[in-house]
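Undergrad: This is the content of upload_6.cif (mmCIF, C-alpha atoms and all ligand atoms):
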data_upload
loop_
_atom_site.label_atom_id
_atom_site.label_comp_id
_atom_site.auth_asym_id
_atom_site.auth_seq_id
_atom_site.Cartn_x
_atom_site.Cartn_y
_atom_site.Cartn_z
CA MET C 1 19.60 -24.30 -1.96
CA ASP C 2 18.54 -21.74 -4.52
CA PRO C 3 21.51 -20.03 -6.17
CA ILE C 4 19.85 -16.64 -6.60
CA LYS C 5 17.42 -15.98 -3.80
CA ASP C 6 19.46 -17.56 -1.01
CA GLN C 7 22.21 -15.00 -1.46
CA PHE C 8 19.94 -12.11 -0.40
CA ALA C 9 20.74 -10.53 2.95
CA ARG C 10 17.05 -9.66 3.27
CA PRO C 11 14.60 -11.93 1.43
CA LEU C 12 12.41 -10.51 -1.33
CA ARG C 13 8.89 -11.73 -0.63
CA ASP C 14 6.42 -9.14 -1.78
CA ILE C 15 5.97 -6.70 -4.55
CA ARG C 16 3.66 -3.73 -4.74
CA ILE C 17 2.90 -2.70 -8.24
CA SER C 18 1.24 0.56 -9.13
CA VAL C 19 -1.02 0.25 -12.17
CA THR C 20 -1.86 3.96 -12.48
CA ASP C 21 -0.77 7.24 -10.87
CA GLN C 22 -4.25 8.77 -11.25
CA CYS C 23 -6.94 8.91 -8.58
CA ASN C 24 -10.55 10.01 -8.10
CA PHE C 25 -9.75 11.23 -4.54
CA ARG C 26 -7.42 13.95 -3.32
CA CYS C 27 -6.56 12.79 0.21
CA SER C 28 -4.66 15.61 1.87
CA TYR C 29 -1.89 13.31 3.13
CA CYS C 30 -1.31 11.73 -0.28
CA MET C 31 -2.42 13.92 -3.20
CA PRO C 32 -3.18 17.39 -1.80
CA ALA C 33 -5.69 19.09 -4.14
CA GLU C 34 -3.63 22.29 -4.25
CA ILE C 35 -0.75 20.36 -5.87
CA PHE C 36 -2.63 17.65 -7.76
CA GLY C 37 -5.01 20.14 -9.40
CA PRO C 38 -6.38 20.34 -12.96
CA ASP C 39 -2.96 21.39 -14.28
CA PHE C 40 -1.03 18.52 -12.75
CA THR C 41 0.63 16.33 -15.36
CA PHE C 42 0.06 12.64 -14.78
CA LEU C 43 1.92 9.93 -16.67
CA PRO C 44 0.75 9.54 -20.25
CA GLN C 45 -0.96 6.14 -20.63
CA GLU C 46 1.67 5.02 -23.14
CA GLU C 47 4.26 5.19 -20.34
CA TYR C 48 2.45 2.50 -18.35
CA LEU C 49 3.79 -1.03 -18.25
CA THR C 50 1.51 -3.28 -20.28
CA PHE C 51 -0.22 -6.22 -18.56
CA GLU C 52 2.11 -8.58 -20.45
CA GLU C 53 5.17 -6.69 -19.14
CA ILE C 54 3.83 -6.76 -15.59
CA TYR C 55 3.22 -10.49 -15.95
CA GLN C 56 6.78 -11.10 -17.21
CA LEU C 57 8.29 -9.06 -14.39
CA ILE C 58 6.27 -10.76 -11.65
CA LYS C 59 7.05 -14.18 -13.11
CA ALA C 60 10.77 -13.34 -12.99
CA MET C 61 10.36 -12.03 -9.45
CA GLY C 62 8.75 -15.33 -8.52
CA ASP C 63 12.18 -16.91 -9.22
CA LEU C 64 13.67 -14.43 -6.73
CA GLY C 65 11.28 -15.41 -3.94
CA VAL C 66 8.26 -13.15 -4.46
CA GLU C 67 5.04 -14.85 -3.32
CA LYS C 68 2.74 -11.91 -2.71
CA VAL C 69 1.59 -9.23 -5.10
CA ARG C 70 -0.34 -6.12 -4.15
CA LEU C 71 -1.91 -3.99 -6.87
CA THR C 72 -2.05 -0.33 -6.00
CA GLY C 73 -1.88 3.18 -7.43
CA GLY C 74 -3.16 6.00 -7.52
CA GLU C 75 -6.50 4.28 -7.59
CA PRO C 76 -5.90 0.85 -9.17
CA LEU C 77 -9.52 0.35 -10.19
CA LEU C 78 -9.14 3.24 -12.63
CA ARG C 79 -6.91 0.96 -14.74
CA LYS C 80 -9.08 -0.56 -17.44
CA ASP C 81 -9.67 -4.33 -17.31
CA LEU C 82 -7.67 -4.88 -14.14
CA HIS C 83 -9.31 -8.28 -13.73
CA LEU C 84 -7.46 -9.47 -16.84
CA LEU C 85 -4.14 -8.67 -15.17
CA ILE C 86 -5.20 -10.56 -12.04
CA GLU C 87 -6.12 -13.59 -14.13
CA LYS C 88 -2.68 -13.54 -15.76
CA LEU C 89 -0.83 -13.15 -12.46
CA MET C 90 -2.81 -16.01 -10.92
CA SER C 91 -1.29 -18.37 -13.48
CA ILE C 92 2.22 -17.84 -12.04
CA PRO C 93 2.93 -20.86 -9.79
CA ALA C 94 5.17 -18.92 -7.36
CA ILE C 95 2.45 -16.36 -6.59
CA LYS C 96 0.41 -17.44 -3.58
CA ASP C 97 -1.46 -14.27 -2.80
CA ILE C 98 -2.83 -11.33 -4.78
CA ALA C 99 -4.30 -8.33 -2.99
CA LEU C 100 -5.54 -4.89 -3.94
CA THR C 101 -5.46 -1.55 -2.10
CA THR C 102 -8.35 0.71 -3.07
CA ASN C 103 -10.54 3.57 -1.93
CA ALA C 104 -13.51 1.25 -2.65
CA MET C 105 -15.46 3.71 -4.82
CA MET C 106 -15.53 1.32 -7.76
CA LEU C 107 -15.91 -1.94 -5.86
CA PRO C 108 -19.69 -2.14 -6.37
CA LYS C 109 -18.95 -2.32 -10.10
CA TYR C 110 -15.91 -4.60 -10.04
CA ALA C 111 -15.82 -6.73 -6.86
CA GLU C 112 -17.38 -9.84 -8.41
CA LYS C 113 -15.26 -9.70 -11.54
CA LEU C 114 -12.11 -9.29 -9.44
CA LYS C 115 -13.00 -12.25 -7.24
CA GLU C 116 -13.74 -14.43 -10.26
CA ALA C 117 -10.35 -13.47 -11.69
CA GLY C 118 -8.67 -14.82 -8.54
CA LEU C 119 -8.27 -11.80 -6.25
CA GLN C 120 -8.29 -12.88 -2.62
CA ARG C 121 -8.14 -9.71 -0.56
CA VAL C 122 -8.80 -6.01 -0.61
CA ASN C 123 -7.52 -3.32 1.70
CA VAL C 124 -9.89 -0.38 1.72
CA SER C 125 -8.61 3.02 2.75
CA MET C 126 -11.10 4.84 4.94
CA ASP C 127 -9.98 7.56 7.31
CA ALA C 128 -13.18 8.47 9.16
CA ILE C 129 -16.72 7.26 9.78
CA ASP C 130 -17.99 10.78 10.45
CA GLU C 131 -19.38 12.34 7.27
CA ALA C 132 -17.84 15.79 7.69
CA VAL C 133 -14.35 14.48 8.54
CA PHE C 134 -14.44 11.92 5.74
CA LYS C 135 -15.61 14.47 3.15
CA LYS C 136 -12.86 16.86 4.11
CA MET C 137 -10.11 14.25 4.11
CA ASN C 138 -10.83 12.74 0.72
CA GLY C 139 -10.58 16.19 -0.86
CA ARG C 140 -13.54 15.52 -3.15
CA ASN C 141 -16.42 15.94 -0.73
CA VAL C 142 -17.35 12.26 -1.16
CA SER C 143 -19.68 10.80 1.47
CA THR C 144 -18.86 7.60 3.40
CA LYS C 145 -21.86 5.92 1.74
CA PRO C 146 -20.28 4.80 -1.55
CA VAL C 147 -17.23 3.57 0.35
CA LEU C 148 -19.36 1.52 2.76
CA LYS C 149 -21.25 0.21 -0.27
CA GLY C 150 -17.94 -0.78 -1.84
CA ILE C 151 -16.89 -2.61 1.32
CA GLN C 152 -20.20 -4.49 1.35
CA ALA C 153 -19.81 -5.39 -2.33
CA ALA C 154 -16.37 -6.86 -1.62
CA LEU C 155 -17.71 -8.89 1.30
CA ASP C 156 -20.68 -10.10 -0.79
CA ALA C 157 -18.28 -11.20 -3.52
CA GLY C 158 -16.36 -13.29 -0.96
CA LEU C 159 -13.26 -11.11 -0.75
CA GLU C 160 -11.42 -10.74 2.55
CA VAL C 161 -11.57 -7.09 3.59
CA LYS C 162 -9.30 -5.04 5.83
CA ILE C 163 -9.63 -1.31 6.42
CA ASN C 164 -6.65 1.07 6.50
CA MET C 165 -6.95 4.37 8.33
CA VAL C 166 -4.14 6.93 8.19
CA VAL C 167 -4.23 8.89 11.45
CA GLN C 168 -3.25 12.56 11.61
CA LYS C 169 -3.24 14.48 14.85
CA GLY C 170 -5.90 17.19 14.93
CA VAL C 171 -7.41 15.96 11.66
CA ASN C 172 -8.98 12.56 12.35
CA ASP C 173 -7.61 11.28 15.67
CA ASP C 174 -11.11 11.77 17.09
CA GLN C 175 -12.18 9.04 14.65
CA ILE C 176 -9.97 6.32 16.19
CA ILE C 177 -12.60 5.08 18.63
CA PRO C 178 -15.69 5.47 16.37
CA MET C 179 -13.88 3.64 13.55
CA ALA C 180 -12.71 0.90 15.94
CA ALA C 181 -16.25 0.44 17.32
CA TYR C 182 -17.84 0.39 13.86
CA PHE C 183 -15.54 -2.25 12.40
CA LYS C 184 -15.21 -4.32 15.60
CA GLU C 185 -18.97 -4.75 15.58
CA ARG C 186 -18.82 -6.03 12.01
CA GLY C 187 -15.82 -8.31 12.63
CA ILE C 188 -13.72 -6.46 10.03
CA THR C 189 -10.03 -5.86 10.79
CA LEU C 190 -9.10 -2.19 11.00
CA ARG C 191 -5.48 -1.11 10.76
CA PHE C 192 -4.34 2.29 11.91
CA ILE C 193 -1.42 3.66 9.90
CA GLU C 194 0.94 6.24 11.32
CA PHE C 195 1.04 9.28 9.04
CA MET C 196 4.26 9.13 7.00
CA ASP C 197 6.49 11.67 5.29
CA VAL C 198 6.25 10.05 1.87
CA GLY C 199 6.96 12.51 -0.94
CA SER C 200 7.34 16.20 -0.24
CA THR C 201 3.87 17.67 -0.74
CA ASN C 202 1.83 16.50 2.26
CA GLY C 203 3.20 18.93 4.84
CA TRP C 204 4.30 16.14 7.20
CA LYS C 205 5.51 17.03 10.68
CA LEU C 206 6.57 14.62 13.39
CA SER C 207 4.07 16.34 15.68
CA SER C 208 1.15 15.29 13.42
CA VAL C 209 1.90 11.61 13.94
CA VAL C 210 -0.28 9.71 16.40
CA THR C 211 1.98 6.89 17.55
CA LYS C 212 1.17 3.22 17.97
CA GLU C 213 1.56 3.62 21.72
CA GLU C 214 -0.98 6.46 21.82
CA ILE C 215 -3.43 4.52 19.63
CA ILE C 216 -3.22 1.39 21.80
CA ARG C 217 -3.65 3.49 24.93
CA MET C 218 -6.80 5.07 23.47
CA LEU C 219 -8.16 1.67 22.41
CA ASN C 220 -7.58 0.30 25.89
CA GLU C 221 -9.52 3.16 27.44
CA HIS C 222 -12.64 1.99 25.54
CA PHE C 223 -12.08 -1.71 24.89
CA THR C 224 -9.45 -4.16 26.04
CA VAL C 225 -6.98 -5.32 23.42
CA GLU C 226 -4.28 -7.97 23.71
CA PRO C 227 -1.28 -8.44 21.40
CA LEU C 228 -1.14 -11.26 18.89
CA ASP C 229 2.09 -12.67 17.47
CA GLY C 230 3.16 -11.47 14.00
CA ALA C 231 1.70 -13.86 11.43
CA TYR C 232 4.82 -14.14 9.24
CA TYR C 233 8.34 -12.80 8.77
CA GLY C 234 8.13 -9.24 7.50
CA GLU C 235 4.56 -8.65 8.79
CA VAL C 236 4.28 -4.88 9.10
CA ALA C 237 1.21 -4.57 11.33
CA SER C 238 1.34 -5.03 15.10
CA ARG C 239 -1.78 -7.11 15.62
CA TYR C 240 -4.19 -7.14 18.56
CA LEU C 241 -7.36 -8.96 19.50
CA TYR C 242 -10.30 -7.34 21.29
CA THR C 243 -10.33 -9.46 24.43
CA GLY C 244 -13.02 -12.11 24.46
CA THR C 245 -13.78 -11.74 20.73
CA SER C 246 -12.26 -12.91 17.47
CA ALA C 247 -12.19 -9.35 16.12
CA GLU C 248 -8.74 -8.02 15.26
CA VAL C 249 -7.24 -4.56 15.11
CA GLY C 250 -3.73 -3.51 14.07
CA VAL C 251 -1.31 -0.63 13.90
CA ILE C 252 1.33 -0.01 11.26
CA SER C 253 3.97 1.91 13.15
CA SER C 254 6.28 2.93 10.32
CA VAL C 255 7.33 6.09 12.18
CA SER C 256 7.45 5.35 15.91
CA ASP C 257 8.58 1.72 15.73
CA SER C 258 10.01 1.05 12.28
CA PHE C 259 10.73 -2.36 10.79
CA CYS C 260 13.39 -1.85 8.09
CA SER C 261 15.50 -4.82 9.22
CA THR C 262 12.72 -7.21 8.16
CA CYS C 263 11.52 -5.29 5.10
CA THR C 264 10.92 -7.81 2.30
CA ARG C 265 9.11 -5.47 -0.09
CA ALA C 266 9.99 -3.98 -3.47
CA ARG C 267 7.84 -1.56 -5.42
CA ILE C 268 7.26 -0.91 -9.11
CA SER C 269 5.73 2.35 -10.33
CA ALA C 270 3.14 2.45 -13.12
CA ASP C 271 5.84 3.47 -15.60
CA GLY C 272 8.04 0.54 -14.64
CA LYS C 273 10.62 1.90 -12.21
CA LEU C 274 11.84 -0.42 -9.49
CA TYR C 275 12.20 1.01 -5.97
CA THR C 276 13.74 -0.94 -3.13
CA CYS C 277 12.35 1.49 -0.53
CA LEU C 278 9.16 3.57 -0.19
CA PHE C 279 11.31 6.61 0.57
CA ALA C 280 13.78 6.25 -2.28
CA ALA C 281 14.64 9.25 -4.42
CA GLU C 282 15.37 7.30 -7.58
CA GLY C 283 14.14 4.09 -9.09
CA PHE C 284 15.75 1.81 -11.64
CA ASP C 285 14.14 2.01 -15.09
CA LEU C 286 13.11 -1.63 -15.44
CA LYS C 287 10.80 -0.90 -18.34
CA SER C 288 13.59 0.41 -20.58
CA PHE C 289 15.94 -2.30 -19.39
CA MET C 290 13.36 -4.98 -20.13
CA ARG C 291 12.52 -3.56 -23.56
CA ALA C 292 16.23 -3.55 -24.49
CA SER C 293 17.08 -6.95 -23.00
CA SER C 294 17.51 -10.09 -25.00
CA SER C 295 15.74 -12.26 -22.42
CA ILE C 296 13.68 -12.02 -19.24
CA ASP C 297 16.47 -13.96 -17.43
CA GLU C 298 18.67 -10.93 -17.91
CA VAL C 299 15.99 -8.75 -16.29
CA ARG C 300 15.63 -11.20 -13.41
CA ASP C 301 19.39 -11.20 -12.80
CA LYS C 302 19.44 -7.39 -12.84
CA MET C 303 16.65 -7.27 -10.25
CA ALA C 304 18.62 -9.75 -8.11
CA VAL C 305 21.69 -7.51 -8.23
CA LEU C 306 19.63 -4.43 -7.32
CA TRP C 307 17.93 -6.18 -4.40
CA ASN C 308 21.23 -7.55 -3.13
CA LYS C 309 22.84 -4.10 -3.19
CA ARG C 310 20.09 -2.46 -1.20
CA ARG C 311 20.90 -1.02 2.22
CA ASP C 312 17.62 0.86 2.69
CA ARG C 313 16.61 1.71 6.24
CA TYR C 314 15.00 5.13 5.85
CA SER C 315 12.41 4.74 8.62
CA ASP C 316 15.03 3.56 11.10
CA GLU C 317 16.98 6.76 10.46
CA ARG C 318 14.12 9.25 10.00
CA THR C 319 14.33 12.66 11.64
CA GLU C 320 12.44 15.89 11.05
CA GLU C 321 15.47 16.94 8.94
CA THR C 322 15.50 13.89 6.63
CA ALA C 323 11.75 14.30 6.18
CA LYS C 324 12.20 17.86 5.01
CA ASN C 325 15.45 17.76 3.11
CA ARG C 326 15.62 14.46 1.28
CA LYS C 327 14.16 14.13 -2.17
CA LYS C 328 11.47 11.41 -2.21
CA ILE C 329 8.89 10.25 -4.71
CA GLU C 330 5.17 10.82 -4.08
CA MET C 331 2.91 8.15 -2.55
CA SER C 332 0.39 8.26 -5.41
CA TYR C 333 3.26 7.52 -7.83
CA ILE C 334 4.88 4.67 -5.93
CA GLY C 335 1.64 3.24 -4.56
CA GLY C 336 2.11 3.03 -0.79
N1 LIG C 401 -5.93 4.64 -3.80
C1 LIG C 401 -5.73 3.44 -3.08
C2 LIG C 401 -6.06 3.62 -1.63
O1 LIG C 401 -6.14 4.75 -1.15
O2 LIG C 401 -6.23 2.59 -0.97
C3 LIG C 401 -4.35 2.85 -3.24
C4 LIG C 401 -3.16 3.76 -3.23
S1 LIG C 401 -2.80 4.57 -1.70
C5 LIG C 401 -1.37 5.55 -2.12
C6 LIG C 401 -2.14 3.23 -0.75
C7 LIG C 401 -2.15 3.41 0.74
O3 LIG C 401 -1.23 4.42 1.11
C8 LIG C 401 -3.48 3.80 1.34
O4 LIG C 401 -3.83 2.89 2.38
C9 LIG C 401 -3.22 5.16 1.92
O5 LIG C 401 -4.00 5.41 3.05
C10 LIG C 401 -1.75 5.09 2.25
N2 LIG C 401 -1.11 6.38 2.35
C11 LIG C 401 -1.10 7.38 1.43
N3 LIG C 401 -0.38 8.44 1.90
C12 LIG C 401 0.07 8.10 3.13
C13 LIG C 401 0.86 8.77 4.12
N4 LIG C 401 1.34 9.99 3.92
N5 LIG C 401 1.12 8.13 5.28
C14 LIG C 401 0.64 6.87 5.48
N6 LIG C 401 -0.09 6.19 4.59
C15 LIG C 401 -0.38 6.80 3.44
FE1 LIG C 402 -6.05 8.42 -3.95
FE2 LIG C 402 -5.42 6.44 -2.35
FE3 LIG C 402 -3.90 8.64 -2.42
FE4 LIG C 402 -6.33 8.80 -1.37
S1 LIG C 402 -4.60 7.56 -0.58
S2 LIG C 402 -5.44 10.23 -2.86
S3 LIG C 402 -7.46 7.36 -2.57
S4 LIG C 402 -4.17 7.21 -4.05
FE1 LIG C 403 11.35 -0.89 3.92
FE2 LIG C 403 12.24 1.53 3.28
FE3 LIG C 403 9.99 1.26 4.73
FE4 LIG C 403 12.37 0.71 5.82
S1 LIG C 403 11.68 2.71 5.12
S2 LIG C 403 10.49 -0.53 5.99
S3 LIG C 403 13.46 -0.16 4.05
S4 LIG C 403 10.33 0.59 2.61
#
Take the structure in the file and write it out as structure tokens.
Ligand code: SAM
Ligand code: SF4
Ligand code: SF4
TA:
Amino acid sequence: MDPIKDQFARPLRDIRISVTDQCNFRCSYCMPAEIFGPDFTFLPQEEYLTFEEIYQLIKAMGDLGVEKVRLTGGEPLLRKDLHLLIEKLMSIPAIKDIALTTNAMMLPKYAEKLKEAGLQRVNVSMDAIDEAVFKKMNGRNVSTKPVLKGIQAALDAGLEVKINMVVQKGVNDDQIIPMAAYFKERGITLRFIEFMDVGSTNGWKLSSVVTKEEIIRMLNEHFTVEPLDGAYYGEVASRYLYTGTSAEVGVISSVSDSFCSTCTRARISADGKLYTCLFAAEGFDLKSFMRASSSIDEVRDKMAVLWNKRRDRYSDERTEETAKNRKKIEMSYIGG
């Protein structure tokens, strides 16, 4: 019986840590170019947590039950020497799994280094296989080619790769079947993500969400898919197998079929704020607390109190009204 982590009503298993709020893309659903333009003020670099601070925090979180770390952003590969952070995190005995979410643009340069440092998995965000749709969605007119090259570089380096596709009605829902066919053929797992109302700049409307049910219906019109059991407690993707193959496909149904009651995830922004929910309005300033604390045990105990107090269930309660009227932090800041 562990005195700290066994008191949690909902276990704390995974942590997503943003290592930068900057990005080389301007995906319309995340960092719309009209808002995140040349005049947008990003965090000054000196506000970032240092690698040593991230290491200390994750080590303390290991005592609270955290086993999985996902590095995210903004675009995490824009953070200099990220492989050095991965190496450090790998030395924490409690941490069983380190993953990275990326737009893949810089994977040709870094995939091998990341793998050598101990990274196991990458999730690549790719929202279309059609050139014109992809160029429009990434907001920077970037072709699919460098992204596909990045995916290949990750595979060549021996990293496990999954693809994430955010689906928006009328924007890229016509890409559901071409994307499924492309990645099925290559045996790479594709996960469709329901468009979410994170932040307040992406113009979210309930009517732009393509639901899990609709996606599965479309998949079944072209292939046959059968459900797989969730792999572990807190698994967010509903997983399916293309019948008669070992190729997998999934849907993350955060809007139409939410999963707050089994949410085991905390998030830390690049400037060291702790959020117990993706849709929170405020985070706790861990960085200042840590810098003023006499020991890391004090920080660990504070995180335990914050996690224990949490009652977050935003997605279970979401309506068009909450989406519009509640203050929420932006996706590029909190890291998805
Ligand atoms: N830049 C990296 C990338 O795109 O993979 C990492 C950061 S990005 C904020 C993390 C994930 O959040 C991506 O898979 C992205 O597709 C997803 N995301 C961003 N905005 C979203 C939204 N409004 N609804 C659903 N998913 C979103
Ligand atoms: Fe950048 Fe990722 Fe957001 Fe796209 S989803 S703008 S790649 S942070
Ligand atoms: Fe977890 Fe908040 Fe998402 Fe619910 S809305 S699953 S509590 S992050």
Undergrad: Could you check how far atom CA of Arg326 of chain C sits from atom CA of Ser269 of chain C, in Å to one decimal?
TA: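 Rounded to one decimal, the two atoms are 19.5 Å apart.
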Undergrad: Go through chain C residue by residue and, counting all atoms listed in the file, keep those with an atom at most 7 Å from ligand LIG 402 (chain C); for each kept residue give the shortest atom pair and its distance in Å to one decimal, ordered by chain and increasing number, as CSV.
TA:
residue,atom,partner,partner_atom,distance
C:Cys23,CA,C:LIG402,FE1,4.7
C:Asn24,CA,C:LIG402,FE1,6.3
C:Phe25,CA,C:LIG402,FE1,4.7
C:Arg26,CA,C:LIG402,S2,4.2
C:Cys27,CA,C:LIG402,S2,4.2
C:Cys30,CA,C:LIG402,FE3,4.6
C:Met31,CA,C:LIG402,S2,4.8
C:Gly73,CA,C:LIG402,S4,5.7
C:Gly74,CA,C:LIG402,S4,3.8
C:Glu75,CA,C:LIG402,S4,5.2
C:Thr102,CA,C:LIG402,FE2,6.5
C:Asn103,CA,C:LIG402,S3,4.9
C:Ser125,CA,C:LIG402,S1,6.9
C:Asn138,CA,C:LIG402,FE4,6.3
C:Met331,CA,C:LIG402,FE3,6.8
C:Ser332,CA,C:LIG402,S4,4.9
Undergrad: Could you tell me which of C:Ala94, C:Val166, C:Leu12, C:Leu219 comes closest to ligand LIG 403 (chain C) if we count all atoms listed in the file?
TA: C:Leu12
Undergrad: Report, as JSON, the centre and edge lengths in Å (one decimal) of the axis-aligned box enclosing every listed atom of ligand LIG 401 (chain C), padded by 8 Å on each side.
TA:
{"center_x": -2.4, "center_y": 6.3, "center_z": 0.8, "size_x": 23.6, "size_y": 23.4, "size_z": 25.3}
Undergrad: List as CSV every residue of segment 102-206 of chain C that is in contact with segment 210-217 of chain C, defined as an atom at most 12 Å from one of its atoms (using all atoms listed in the file), together with the nearest atom pair and the distance in Å rounded to one decimal, sorted by chain and then rising number.
TA:
residue,atom,partner,partner_atom,distance
C:Met165,CA,C:Val210,CA,11.8
C:Val166,CA,C:Val210,CA,9.5
C:Val167,CA,C:Val210,CA,6.4
C:Gln168,CA,C:Val210,CA,6.3
C:Lys169,CA,C:Val210,CA,5.8
C:Gly170,CA,C:Val210,CA,9.5
C:Val171,CA,C:Val210,CA,10.6
C:Asn172,CA,C:Val210,CA,10.0
C:Asp173,CA,C:Val210,CA,7.5
C:Asp174,CA,C:Ile215,CA,10.9
C:Gln175,CA,C:Ile215,CA,11.0
C:Ile176,CA,C:Ile215,CA,7.6
C:Ile177,CA,C:Ile215,CA,9.2
C:Ala180,CA,C:Ile215,CA,10.6
C:Arg191,CA,C:Ile215,CA,10.7
C:Phe192,CA,C:Ile215,CA,8.1
C:Ile193,CA,C:Lys212,CA,8.5
C:Glu194,CA,C:Val210,CA,6.3
C:Phe195,CA,C:Val210,CA,7.5
C:Met196,CA,C:Val210,CA,10.5
C:Lys205,CA,C:Val210,CA,10.9
C:Leu206,CA,C:Val210,CA,8.9
Undergrad: State, in Å with one decimal place, the distance from atom CA of Thr262 of chain C to atom CA of Ser208 of chain C.
TA: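 Those two atoms sit 25.8 Å apart.
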Undergrad: Determine, for each residue of chain C having at least one atom at most 6 Å from an atom of ligand LIG 403 (chain C), the closest pair of atoms and their separation in Å to one decimal, counting all atoms listed in the file; order by chain and ascending number, as JSON lines.
TA:
{"residue": "C:Phe259", "atom": "CA", "partner": "C:LIG403", "partner_atom": "S2", "distance": 5.1}
{"residue": "C:Cys260", "atom": "CA", "partner": "C:LIG403", "partner_atom": "FE4", "distance": 3.6}
{"residue": "C:Cys263", "atom": "CA", "partner": "C:LIG403", "partner_atom": "FE1", "distance": 4.6}
{"residue": "C:Cys277", "atom": "CA", "partner": "C:LIG403", "partner_atom": "FE2", "distance": 3.8}
{"residue": "C:Leu278", "atom": "CA", "partner": "C:LIG403", "partner_atom": "S4", "distance": 4.3}
{"residue": "C:Phe279", "atom": "CA", "partner": "C:LIG403", "partner_atom": "FE2", "distance": 5.8}
{"residue": "C:Asp312", "atom": "CA", "partner": "C:LIG403", "partner_atom": "S3", "distance": 4.5}
{"residue": "C:Arg313", "atom": "CA", "partner": "C:LIG403", "partner_atom": "S3", "distance": 4.3}
{"residue": "C:Tyr314", "atom": "CA", "partner": "C:LIG403", "partner_atom": "S1", "distance": 4.2}
{"residue": "C:Ser315", "atom": "CA", "partner": "C:LIG403", "partner_atom": "S1", "distance": 4.1}
Undergrad: C:Glu116, C:Asp39, C:Asp197, C:Asp130: which is nearest ligand LIG 401 (chain C), counting all atoms listed in the file?
TA: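 Checking each of C:Glu116, C:Asp39, C:Asp197, C:Asp130 against ligand LIG 401 (chain C), counting all atoms listed in the file, the winner is C:Asp197.
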Undergrad: So, with all atoms listed in the file as the atoms that count, which of C:Val142, C:Ala281, C:Val236, C:Val255 lies closest to ligand LIG 401 (chain C)?
TA: C:Val255
